[in-house]
>>> print(open('upload13.cif').read())   # mmCIF, C-alpha atoms
data_model
loop_
_atom_site.label_atom_id
_atom_site.label_comp_id
_atom_site.auth_asym_id
_atom_site.auth_seq_id
_atom_site.Cartn_x
_atom_site.Cartn_y
_atom_site.Cartn_z
CA MET A 23 175.16 211.46 -114.14
CA THR A 24 177.53 212.89 -116.73
CA SER A 25 177.04 215.02 -119.82
CA ARG A 26 179.19 214.98 -122.92
CA ARG A 27 179.20 215.51 -126.65
CA GLY A 28 178.60 212.50 -128.87
CA GLU A 29 181.33 213.36 -131.33
CA GLY A 30 184.05 210.71 -131.50
CA LEU A 31 182.77 208.78 -128.49
CA THR A 32 183.02 205.06 -127.83
CA MET A 33 179.90 203.86 -126.08
CA HIS A 34 179.07 200.62 -124.30
CA GLY A 35 176.03 199.00 -122.79
CA VAL A 36 172.64 200.25 -123.98
CA VAL A 37 172.18 203.38 -126.10
CA VAL A 38 168.78 205.04 -126.49
CA GLY A 39 167.88 207.75 -128.96
CA VAL A 40 166.13 210.65 -127.23
CA SER A 41 164.12 213.51 -128.71
CA GLY A 42 161.74 214.67 -125.97
CA SER A 43 158.62 213.16 -127.57
CA ALA A 44 156.19 210.75 -125.85
CA GLU A 45 157.60 207.78 -127.77
CA SER A 46 161.11 208.87 -126.87
CA ASP A 47 160.21 208.99 -123.18
CA ALA A 48 158.77 205.47 -123.40
CA ALA A 49 161.94 204.25 -125.11
CA LEU A 50 164.09 205.96 -122.47
CA ASP A 51 162.22 204.28 -119.61
CA TRP A 52 162.43 200.90 -121.36
CA ALA A 53 166.13 201.33 -122.06
CA LEU A 54 166.85 202.30 -118.46
CA THR A 55 165.08 199.15 -117.28
CA GLU A 56 166.98 197.03 -119.82
CA ALA A 57 170.33 198.50 -118.77
CA ALA A 58 169.53 197.78 -115.12
CA SER A 59 168.64 194.17 -116.00
CA ARG A 60 171.86 193.73 -117.96
CA HIS A 61 173.96 195.55 -115.32
CA VAL A 62 175.46 197.78 -118.01
CA PRO A 63 175.62 201.57 -118.45
CA LEU A 64 173.01 203.55 -120.37
CA THR A 65 173.76 206.39 -122.78
CA ALA A 66 170.93 208.72 -123.78
CA LEU A 67 171.88 210.17 -127.16
CA LEU A 68 170.30 213.35 -128.47
CA ALA A 69 171.15 214.16 -132.09
CA TRP A 70 171.09 217.88 -132.82
CA THR A 71 171.74 219.93 -135.92
CA GLY A 72 172.40 223.48 -134.84
CA PRO A 73 171.32 226.55 -136.79
CA ARG A 74 173.61 227.98 -139.42
CA GLY A 75 174.94 231.49 -139.47
CA VAL A 76 175.15 232.04 -135.73
CA GLN A 77 178.18 233.21 -133.82
CA PRO A 78 180.33 230.52 -132.15
CA HIS A 79 179.38 231.62 -128.65
CA GLU A 80 175.68 231.56 -129.57
CA TYR A 81 176.08 228.07 -131.01
CA GLN A 82 177.76 226.86 -127.82
CA ASP A 83 174.97 228.38 -125.74
CA LEU A 84 172.38 226.50 -127.80
CA LEU A 85 174.38 223.29 -127.52
CA GLU A 86 174.58 223.67 -123.76
CA ARG A 87 170.81 224.11 -123.61
CA ARG A 88 170.37 220.84 -125.49
CA ARG A 89 172.57 219.11 -122.92
CA GLU A 90 170.52 220.60 -120.09
CA ASP A 91 167.30 219.46 -121.77
CA LEU A 92 168.68 215.95 -122.14
CA LEU A 93 169.79 215.79 -118.51
CA ALA A 94 166.30 216.88 -117.46
CA LEU A 95 164.77 214.07 -119.55
CA LEU A 96 167.12 211.55 -117.96
CA ASP A 97 166.30 212.80 -114.46
CA ALA A 98 162.58 212.46 -115.21
CA SER A 99 163.06 208.89 -116.45
CA VAL A 100 165.01 207.93 -113.33
CA ARG A 101 162.19 209.32 -111.19
CA ARG A 102 159.53 207.44 -113.19
CA THR A 103 161.34 204.11 -113.06
CA GLY A 104 162.98 204.45 -109.65
CA LEU A 105 166.20 203.02 -111.14
CA THR A 106 168.84 205.13 -109.45
CA ASP A 107 171.73 202.66 -109.55
CA VAL A 108 172.30 202.64 -113.35
CA ASP A 109 175.38 204.41 -114.70
CA VAL A 110 173.71 206.98 -116.96
CA THR A 111 175.32 209.36 -119.45
CA ALA A 112 173.74 212.15 -121.47
CA SER A 113 175.39 212.68 -124.85
CA VAL A 114 174.60 215.25 -127.54
CA ALA A 115 175.67 214.26 -131.05
CA GLU A 116 175.88 217.06 -133.58
CA GLY A 117 174.45 215.77 -136.85
CA ASP A 118 171.85 213.46 -138.38
CA ALA A 119 170.02 211.28 -135.84
CA ALA A 120 170.09 207.98 -137.75
CA GLU A 121 173.73 208.41 -138.77
CA SER A 122 174.74 209.25 -135.19
CA LEU A 123 173.00 206.18 -133.76
CA VAL A 124 174.42 203.81 -136.36
CA THR A 125 177.91 205.25 -135.82
CA VAL A 126 177.92 204.69 -132.04
CA ALA A 127 176.42 201.19 -132.33
CA GLN A 128 179.70 199.41 -133.01
CA ASP A 129 180.50 198.47 -129.40
CA VAL A 130 177.11 198.61 -127.69
CA GLU A 131 174.88 195.71 -126.66
CA MET A 132 171.63 197.26 -127.89
CA LEU A 133 170.12 200.34 -129.48
CA VAL A 134 166.67 201.48 -128.31
CA LEU A 135 164.34 203.80 -130.21
CA GLY A 136 160.78 205.06 -130.03
CA ARG A 137 158.30 203.87 -132.66
CA ARG A 138 155.12 205.90 -132.77
CA ARG A 139 154.74 208.21 -135.79
CA ARG A 140 151.70 209.32 -137.77
CA GLY A 141 151.70 208.70 -141.51
CA ARG A 142 149.81 210.43 -144.33
CA PHE A 143 146.49 208.78 -143.49
CA GLY A 144 146.79 208.86 -139.70
CA ARG A 145 148.22 205.34 -139.61
CA LEU A 146 150.99 204.52 -137.16
CA VAL A 147 154.26 204.00 -139.01
CA LEU A 148 157.78 203.22 -137.92
CA GLY A 149 159.38 206.61 -138.57
CA SER A 150 162.30 207.40 -140.84
CA VAL A 151 165.00 207.43 -138.15
CA SER A 152 163.90 204.13 -136.58
CA SER A 153 163.51 202.54 -139.99
CA GLU A 154 167.01 203.51 -141.13
CA VAL A 155 168.66 202.45 -137.88
CA VAL A 156 166.95 199.04 -137.94
CA GLU A 157 168.10 198.53 -141.52
CA ARG A 158 171.71 199.55 -140.95
CA ALA A 159 172.71 198.73 -137.36
CA ASP A 160 174.74 195.59 -136.74
CA VAL A 161 173.61 195.24 -133.13
CA PRO A 162 170.14 194.32 -131.82
CA VAL A 163 167.72 197.23 -132.09
CA THR A 164 164.61 197.46 -129.92
CA VAL A 165 161.78 199.73 -131.04
CA VAL A 166 159.37 200.81 -128.30
CA ARG A 167 155.89 202.19 -128.91
CA ALA A 168 154.45 204.97 -126.79
CA PRO A 169 152.02 203.66 -124.15
CA HIS A 170 148.30 204.31 -123.84
CA THR A 171 147.64 204.83 -127.53
CA THR A 172 144.68 203.77 -129.62
CA ASP A 173 144.80 203.38 -133.37
CA ASP A 174 142.91 201.60 -136.13
CA ASP A 175 145.76 199.25 -136.98
CA GLY A 176 145.90 197.18 -133.84
CA PRO A 177 144.60 196.64 -130.32
CA ASP A 178 145.19 199.14 -127.55
CA ASP A 179 147.49 196.97 -125.47
CA ASP A 180 150.75 197.85 -123.77
CA GLY A 181 152.09 194.44 -122.81
CA ALA A 182 151.28 191.11 -121.33
CA ALA A 183 147.66 190.43 -120.48
CA ASP A 184 148.51 188.23 -117.48
CA ASP A 185 150.98 188.33 -114.60
CA GLU A 186 153.49 186.07 -116.33
CA PRO A 187 155.96 188.01 -118.50
CA ARG A 188 156.42 186.40 -121.90
CA ILE A 189 159.08 186.83 -124.58
CA VAL A 190 157.94 185.71 -128.03
CA VAL A 191 160.50 184.92 -130.73
CA GLY A 192 159.75 184.20 -134.37
CA VAL A 193 161.55 181.02 -135.49
CA ASP A 194 162.09 179.65 -138.98
CA THR A 195 165.06 177.79 -140.46
CA SER A 196 167.27 180.80 -141.21
CA GLY A 197 170.51 181.85 -139.55
CA SER A 198 169.15 185.21 -138.39
CA SER A 199 166.22 183.39 -136.82
CA MET A 200 168.64 181.24 -134.82
CA LEU A 201 170.40 184.35 -133.55
CA ALA A 202 167.02 185.83 -132.58
CA LEU A 203 166.19 182.62 -130.70
CA GLN A 204 169.48 182.73 -128.81
CA HIS A 205 168.95 186.40 -127.98
CA ALA A 206 165.40 185.77 -126.74
CA ALA A 207 166.55 182.81 -124.64
CA GLU A 208 169.18 185.01 -122.98
CA VAL A 209 166.51 187.61 -122.15
CA ALA A 210 164.23 184.93 -120.69
CA GLN A 211 167.11 183.44 -118.68
CA ARG A 212 168.08 186.87 -117.33
CA THR A 213 164.59 188.13 -116.52
CA GLY A 214 162.79 184.93 -115.59
CA ALA A 215 160.20 185.45 -118.33
CA VAL A 216 158.61 182.59 -120.24
CA LEU A 217 160.04 182.13 -123.73
CA GLU A 218 157.56 181.31 -126.48
CA ALA A 219 159.25 180.03 -129.64
CA LEU A 220 156.74 180.57 -132.44
CA PHE A 221 157.03 178.75 -135.77
CA ALA A 222 154.47 179.94 -138.35
CA TRP A 223 153.83 178.05 -141.58
CA GLN A 224 151.43 178.12 -144.50
CA ILE A 225 150.43 175.90 -147.43
CA THR A 226 150.29 177.74 -150.71
CA THR A 227 147.29 176.67 -152.77
CA LEU A 228 148.29 175.18 -156.14
CA ALA A 229 146.13 175.36 -159.25
CA PRO A 230 144.59 171.93 -160.04
CA LEU A 231 145.44 170.10 -163.21
CA PRO A 232 142.85 170.51 -166.02
CA GLY A 233 139.88 168.28 -165.33
CA SER A 234 140.99 167.38 -161.81
CA TRP A 235 140.29 168.60 -158.30
CA GLY A 236 143.94 168.90 -157.35
CA TRP A 237 145.40 167.56 -154.10
CA ALA A 238 147.08 168.85 -150.97
CA PRO A 239 148.78 166.73 -148.31
CA PRO A 240 147.08 166.40 -144.90
CA ILE A 241 147.49 169.44 -142.61
CA ASP A 242 148.55 167.18 -139.74
CA ASP A 243 151.61 166.05 -141.70
CA TYR A 244 152.75 169.63 -142.20
CA GLU A 245 152.07 170.51 -138.57
CA ALA A 246 154.09 167.55 -137.33
CA PHE A 247 156.97 168.45 -139.63
CA ALA A 248 156.85 172.07 -138.45
CA ALA A 249 156.99 170.92 -134.83
CA GLU A 250 160.03 168.80 -135.64
CA ARG A 251 161.75 171.76 -137.29
CA LEU A 252 161.02 173.94 -134.26
CA ASP A 253 162.43 171.34 -131.88
CA ALA A 254 165.54 171.04 -134.05
CA ALA A 255 166.01 174.83 -134.07
CA ILE A 256 165.69 175.05 -130.28
CA GLU A 257 168.28 172.29 -129.87
CA ALA A 258 170.65 173.81 -132.44
CA ALA A 259 170.41 177.22 -130.74
CA GLY A 260 171.50 175.67 -127.46
CA VAL A 261 168.43 176.79 -125.51
CA THR A 262 168.61 175.25 -122.04
CA LEU A 263 165.62 176.81 -120.31
CA PRO A 264 163.60 174.50 -118.01
CA PRO A 265 160.43 173.02 -119.54
CA GLU A 266 158.13 175.29 -117.53
CA GLN A 267 159.90 178.36 -118.97
CA LEU A 268 159.77 177.31 -122.64
CA VAL A 269 156.63 177.21 -124.78
CA ARG A 270 156.63 175.78 -128.31
CA SER A 271 153.98 177.22 -130.64
CA VAL A 272 153.32 175.96 -134.16
CA VAL A 273 150.65 177.95 -136.01
CA HIS A 274 149.15 177.63 -139.48
CA ARG A 275 149.15 181.26 -140.62
CA SER A 276 151.49 183.95 -141.85
CA ALA A 277 154.46 184.71 -139.63
CA ALA A 278 153.72 188.44 -139.43
CA SER A 279 150.08 188.05 -138.38
CA ALA A 280 150.95 185.35 -135.84
CA LEU A 281 153.63 187.50 -134.21
CA ILE A 282 151.47 190.63 -134.24
CA GLU A 283 148.66 188.74 -132.52
CA ALA A 284 151.09 187.29 -129.99
CA SER A 285 152.37 190.80 -129.22
CA THR A 286 149.12 191.69 -127.46
CA GLU A 287 150.08 189.37 -124.61
CA ALA A 288 153.86 189.59 -124.81
CA GLU A 289 156.39 191.73 -123.01
CA ARG A 290 158.70 191.67 -126.02
CA ILE A 291 158.80 190.28 -129.57
CA VAL A 292 162.16 189.17 -131.01
CA VAL A 293 162.68 188.63 -134.73
CA GLY A 294 165.61 188.11 -137.06
CA ALA A 295 166.41 190.86 -139.51
CA ARG A 296 166.26 188.74 -142.64
CA GLY A 297 166.07 185.07 -143.61
CA LEU A 298 164.55 182.32 -145.72
CA GLY A 299 162.83 179.35 -144.20
CA GLY A 300 159.60 177.60 -143.30
CA PHE A 301 157.41 175.89 -145.86
CA ASP A 302 156.89 178.91 -148.05
CA ARG A 303 159.34 181.67 -148.88
CA LEU A 304 159.55 183.49 -145.58
CA LEU A 305 161.36 186.81 -145.81
CA LEU A 306 162.02 188.11 -142.33
CA GLY A 307 162.96 191.42 -143.88
CA SER A 308 159.30 191.79 -144.77
CA VAL A 309 157.99 190.08 -141.65
CA SER A 310 160.14 192.09 -139.24
CA ARG A 311 158.97 195.35 -140.84
CA GLN A 312 155.30 194.40 -140.47
CA VAL A 313 155.87 193.40 -136.85
CA LEU A 314 157.68 196.67 -136.17
CA GLU A 315 154.78 198.62 -137.67
CA TYR A 316 151.90 196.89 -135.91
CA ALA A 317 153.09 195.06 -132.77
CA SER A 318 151.58 196.14 -129.47
CA CYS A 319 154.77 195.65 -127.46
CA PRO A 320 158.48 196.44 -127.89
CA VAL A 321 160.12 194.64 -130.80
CA THR A 322 163.80 193.62 -130.90
CA VAL A 323 165.35 193.00 -134.32
CA VAL A 324 168.50 190.84 -134.25
CA ARG A 325 171.01 190.57 -137.10
#
>>> encode(input="upload13.cif", output="structure tokens")
Amino acid sequence: MTSRRGEGLTMHGVVVGVSGSAESDAALDWALTEAASRHVPLTALLAWTGPRGVQPHEYQDLLERRREDLLALLDASVRRTGLTDVDVTASVAEGDAAESLVTVAQDVEMLVLGRRRRGRFGRLVLGSVSSEVVERADVPVTVVRAPHTTDDDGPDDDGAADDEPRIVVGVDTSGSSMLALQHAAEVAQRTGAVLEALFAWQITTLAPLPGSWGWAPPIDDYEAFAAERLDAAIEAAGVTLPPEQLVRSVVHRSAASALIEASTEAERIVVGARGLGGFDRLLLGSVSRQVLEYASCPVTVVR
């Protein structure tokens, strides 16, 4: 295991933001497992803004302590996961956390961050660093919630409810959704998990004409059309998983609520960062944020 400063570094593989919190530890364990699965190195990045007005030797002493703290966190994660064969690096970046993570993301395969934060009313929220990184990073970003938590905004569930790992990807007709589908298929192929491609749709109620009852087409017609669109998306994305490893789900509800519900039995949710599609105006910018806030499992956002 090596230790180095984050300044001016080129990083590869998986990079995880570390702070020493419970959510950070969960993200570190998840990232170590992901790096092992991908057979790539892992960099644990600790962003640190040192105190002003101290002597240079004092500053260097403080910086060295941060490196030692980070190495201790990495050692603890290796012990928890038992993954001793991953090439692991501890890096301290001097400066803003979000800026440091976005800067190093140019050549990496994935950024990983912790999610759990308490808002003004005790509600779990994404956190400013995670939110900014998800918005700005060009690479896939996975946000991991701390385990064994209970809150009023969602079920207390840390992953799949059965023995069969499941990756759920939100699919619509947008380009970012197609990239998310390809990313999720790669994860399923690599890990052996079942891929569930979920297409959510809704009919918006229209006001009837004066003196009439109004009319809406049969639900079955919409459902059949949605299933056709999902099949077309899977084919266009080049997904070649065997039938027993691919599940097609078409649901009549909002995309965000469908994905959040699916997260209670999923190992991972994958969404596109932004897109338009489906039968109503589906903004994955809005959907992905809701899923990040309330999902019970790790969420990967793909641009």
>>> residues_around(input="upload13.cif", residues="Glu250 (chain A)", least_positions_apart="3", cutoff="12 Å", atoms="all atoms listed in the file", output="list in words")
Asp194, Thr195, Phe221, Asp243, Tyr244, Glu245, Ala246, Phe247, Asp253, Ala254, Ala255, Ile256, Glu257, Arg270, Ser271, Val272 and Gly300 of chain A
>>> resolve_selection(input="upload13.cif", expression="the PyMOL selection byres ((chain A and resi 31-41) around 9)", output="ChimeraX atom specification")
/A:27-30,42-47,49-50,53-54,56-57,60-69,92,95,119,123,126-136
>>> write_last_selection(input="upload13.cif", atoms="C-alpha atoms", output="short mmCIF file (atom, residue, chain, number, x, y, z; two decimals), in the frame of the given file")
data_model
loop_
_atom_site.label_atom_id
_atom_site.label_comp_id
_atom_site.auth_asym_id
_atom_site.auth_seq_id
_atom_site.Cartn_x
_atom_site.Cartn_y
_atom_site.Cartn_z
CA ARG A 27 179.20 215.51 -126.65
CA GLY A 28 178.60 212.50 -128.87
CA GLU A 29 181.33 213.36 -131.33
CA GLY A 30 184.05 210.71 -131.50
CA GLY A 42 161.74 214.67 -125.97
CA SER A 43 158.62 213.16 -127.57
CA ALA A 44 156.19 210.75 -125.85
CA GLU A 45 157.60 207.78 -127.77
CA SER A 46 161.11 208.87 -126.87
CA ASP A 47 160.21 208.99 -123.18
CA ALA A 49 161.94 204.25 -125.11
CA LEU A 50 164.09 205.96 -122.47
CA ALA A 53 166.13 201.33 -122.06
CA LEU A 54 166.85 202.30 -118.46
CA GLU A 56 166.98 197.03 -119.82
CA ALA A 57 170.33 198.50 -118.77
CA ARG A 60 171.86 193.73 -117.96
CA HIS A 61 173.96 195.55 -115.32
CA VAL A 62 175.46 197.78 -118.01
CA PRO A 63 175.62 201.57 -118.45
CA LEU A 64 173.01 203.55 -120.37
CA THR A 65 173.76 206.39 -122.78
CA ALA A 66 170.93 208.72 -123.78
CA LEU A 67 171.88 210.17 -127.16
CA LEU A 68 170.30 213.35 -128.47
CA ALA A 69 171.15 214.16 -132.09
CA LEU A 92 168.68 215.95 -122.14
CA LEU A 95 164.77 214.07 -119.55
CA ALA A 119 170.02 211.28 -135.84
CA LEU A 123 173.00 206.18 -133.76
CA VAL A 126 177.92 204.69 -132.04
CA ALA A 127 176.42 201.19 -132.33
CA GLN A 128 179.70 199.41 -133.01
CA ASP A 129 180.50 198.47 -129.40
CA VAL A 130 177.11 198.61 -127.69
CA GLU A 131 174.88 195.71 -126.66
CA MET A 132 171.63 197.26 -127.89
CA LEU A 133 170.12 200.34 -129.48
CA VAL A 134 166.67 201.48 -128.31
CA LEU A 135 164.34 203.80 -130.21
CA GLY A 136 160.78 205.06 -130.03
#
>>> resolve_selection(input="upload13.cif", expression="the PyMOL selection byres ((chain A and resi 224) around 6)", output="list in words")
Trp223, Ile225, His274 and Arg275 of chain A
>>> atom_distance(input="upload13.cif", atom1="CA of Trp70 (chain A)", atom2="CA of Glu154 (chain A)")
17.1 Å
>>> atom_distance(input="upload13.cif", atom1="CA of Ile189 (chain A)", atom2="CA of Ala284 (chain A)")
9.7 Å
>>> closest_residue(input="upload13.cif", among="A:Val273, A:Ala207, A:Gly214, A:Thr111", to="Gly260 (chain A)", atoms="all atoms listed in the file")
A:Ala207
>>> resolve_selection(input="upload13.cif", expression="the PyMOL selection byres ((chain A and resi 97) around 12)", output="ChimeraX atom specification")
/A:23-24,47,50-51,54,66,90-96,98-106,108,110-112
>>> residues_around(input="upload13.cif", residues="region 308-310 of chain A", least_positions_apart="4", cutoff="7 Å", atoms="all atoms listed in the file", output="list in words")
Ala277, Ala278, Val293, Ala295 and Leu314 of chain A
>>> atom_distance(input="upload13.cif", atom1="CA of Glu121 (chain A)", atom2="CA of Gln312 (chain A)")
23.2 Å
>>> closest_residue(input="upload13.cif", among="A:Leu263, A:Val324, A:Leu85, A:Val114", to="Pro73 (chain A)", atoms="all atoms listed in the file")
A:Leu85
>>> residues_around(input="upload13.cif", residues="Ala288 (chain A)", least_positions_apart="2", cutoff="7 Å", atoms="all atoms listed in the file", output="PDB file with C-alpha atoms, in the frame of the given file")
ATOM      1  CA  GLY A 181     152.090 194.440-122.810  1.00  0.00           C
ATOM      2  CA  ALA A 182     151.280 191.110-121.330  1.00  0.00           C
ATOM      3  CA  PRO A 187     155.960 188.010-118.500  1.00  0.00           C
ATOM      4  CA  ARG A 188     156.420 186.400-121.900  1.00  0.00           C
ATOM      5  CA  ILE A 189     159.080 186.830-124.580  1.00  0.00           C
ATOM      6  CA  VAL A 190     157.940 185.710-128.030  1.00  0.00           C
ATOM      7  CA  ALA A 284     151.090 187.290-129.990  1.00  0.00           C
ATOM      8  CA  SER A 285     152.370 190.800-129.220  1.00  0.00           C
ATOM      9  CA  THR A 286     149.120 191.690-127.460  1.00  0.00           C
ATOM     10  CA  ARG A 290     158.700 191.670-126.020  1.00  0.00           C
ATOM     11  CA  ILE A 291     158.800 190.280-129.570  1.00  0.00           C
ATOM     12  CA  CYS A 319     154.770 195.650-127.460  1.00  0.00           C
TER      13      CYS A 319
END
>>> closest_residue(input="upload13.cif", among="A:Ala249, A:Val191, A:Val216, A:Val124", to="Ala280 (chain A)", atoms="all atoms listed in the file")
A:Val191
>>> residues_near_point(input="upload13.cif", point="(166.6, 191.3, -132.6)", cutoff="10 Å", atoms="all atoms listed in the file", output="PyMOL selection string")
chain A and resi 132+156+161-165+191+198-199+201-206+291-295+310+321-325
>>> closest_residue(input="upload13.cif", among="A:Ser122, A:Gly192, A:Val209, A:Glu287", to="Arg158 (chain A)", atoms="all atoms listed in the file")
A:Ser122
>>> build_atoms(input="upload13.cif", residues="region 152-167 of chain A", atoms="N, CA, C and O atoms", output="short mmCIF file (atom, residue, chain, number, x, y, z; two decimals), in the coordinates of the input")
data_model
loop_
_atom_site.label_atom_id
_atom_site.label_comp_id
_atom_site.auth_asym_id
_atom_site.auth_seq_id
_atom_site.Cartn_x
_atom_site.Cartn_y
_atom_site.Cartn_z
N SER A 152 163.95 205.52 -137.05
CA SER A 152 163.90 204.13 -136.58
C SER A 152 164.08 203.15 -137.72
O SER A 152 164.80 202.15 -137.60
N SER A 153 163.42 203.44 -138.84
CA SER A 153 163.51 202.54 -139.99
C SER A 153 164.94 202.42 -140.49
O SER A 153 165.43 201.32 -140.75
N GLU A 154 165.64 203.54 -140.62
CA GLU A 154 167.01 203.51 -141.13
C GLU A 154 167.96 202.82 -140.16
O GLU A 154 168.84 202.05 -140.58
N VAL A 155 167.78 203.07 -138.87
CA VAL A 155 168.66 202.45 -137.88
C VAL A 155 168.46 200.94 -137.86
O VAL A 155 169.43 200.17 -137.82
N VAL A 156 167.21 200.48 -137.91
CA VAL A 156 166.95 199.04 -137.94
C VAL A 156 167.59 198.39 -139.16
O VAL A 156 168.13 197.29 -139.09
N GLU A 157 167.53 199.08 -140.29
CA GLU A 157 168.10 198.53 -141.52
C GLU A 157 169.62 198.46 -141.48
O GLU A 157 170.21 197.53 -142.02
N ARG A 158 170.25 199.42 -140.82
CA ARG A 158 171.71 199.55 -140.95
C ARG A 158 172.51 199.06 -139.74
O ARG A 158 173.68 198.70 -139.89
N ALA A 159 171.94 199.06 -138.56
CA ALA A 159 172.71 198.73 -137.36
C ALA A 159 173.08 197.26 -137.33
O ALA A 159 172.29 196.40 -137.72
N ASP A 160 174.27 196.97 -136.85
CA ASP A 160 174.74 195.59 -136.74
C ASP A 160 174.41 194.95 -135.40
O ASP A 160 174.61 193.75 -135.22
N VAL A 161 173.94 195.75 -134.45
CA VAL A 161 173.61 195.24 -133.13
C VAL A 161 172.09 195.13 -133.00
O VAL A 161 171.35 195.70 -133.81
N PRO A 162 171.59 194.38 -132.02
CA PRO A 162 170.14 194.32 -131.82
C PRO A 162 169.56 195.71 -131.60
O PRO A 162 170.13 196.54 -130.88
N VAL A 163 168.42 195.95 -132.22
CA VAL A 163 167.72 197.23 -132.09
C VAL A 163 166.32 196.94 -131.56
O VAL A 163 165.59 196.13 -132.12
N THR A 164 165.95 197.60 -130.47
CA THR A 164 164.61 197.46 -129.92
C THR A 164 163.83 198.75 -130.17
O THR A 164 164.30 199.84 -129.85
N VAL A 165 162.65 198.59 -130.75
CA VAL A 165 161.78 199.73 -131.04
C VAL A 165 160.59 199.66 -130.09
O VAL A 165 159.90 198.64 -130.01
N VAL A 166 160.37 200.75 -129.36
CA VAL A 166 159.37 200.81 -128.30
C VAL A 166 158.25 201.76 -128.71
O VAL A 166 158.52 202.90 -129.09
N ARG A 167 157.01 201.32 -128.61
CA ARG A 167 155.89 202.19 -128.91
C ARG A 167 155.51 202.99 -127.68
O ARG A 167 155.73 202.57 -126.54
#
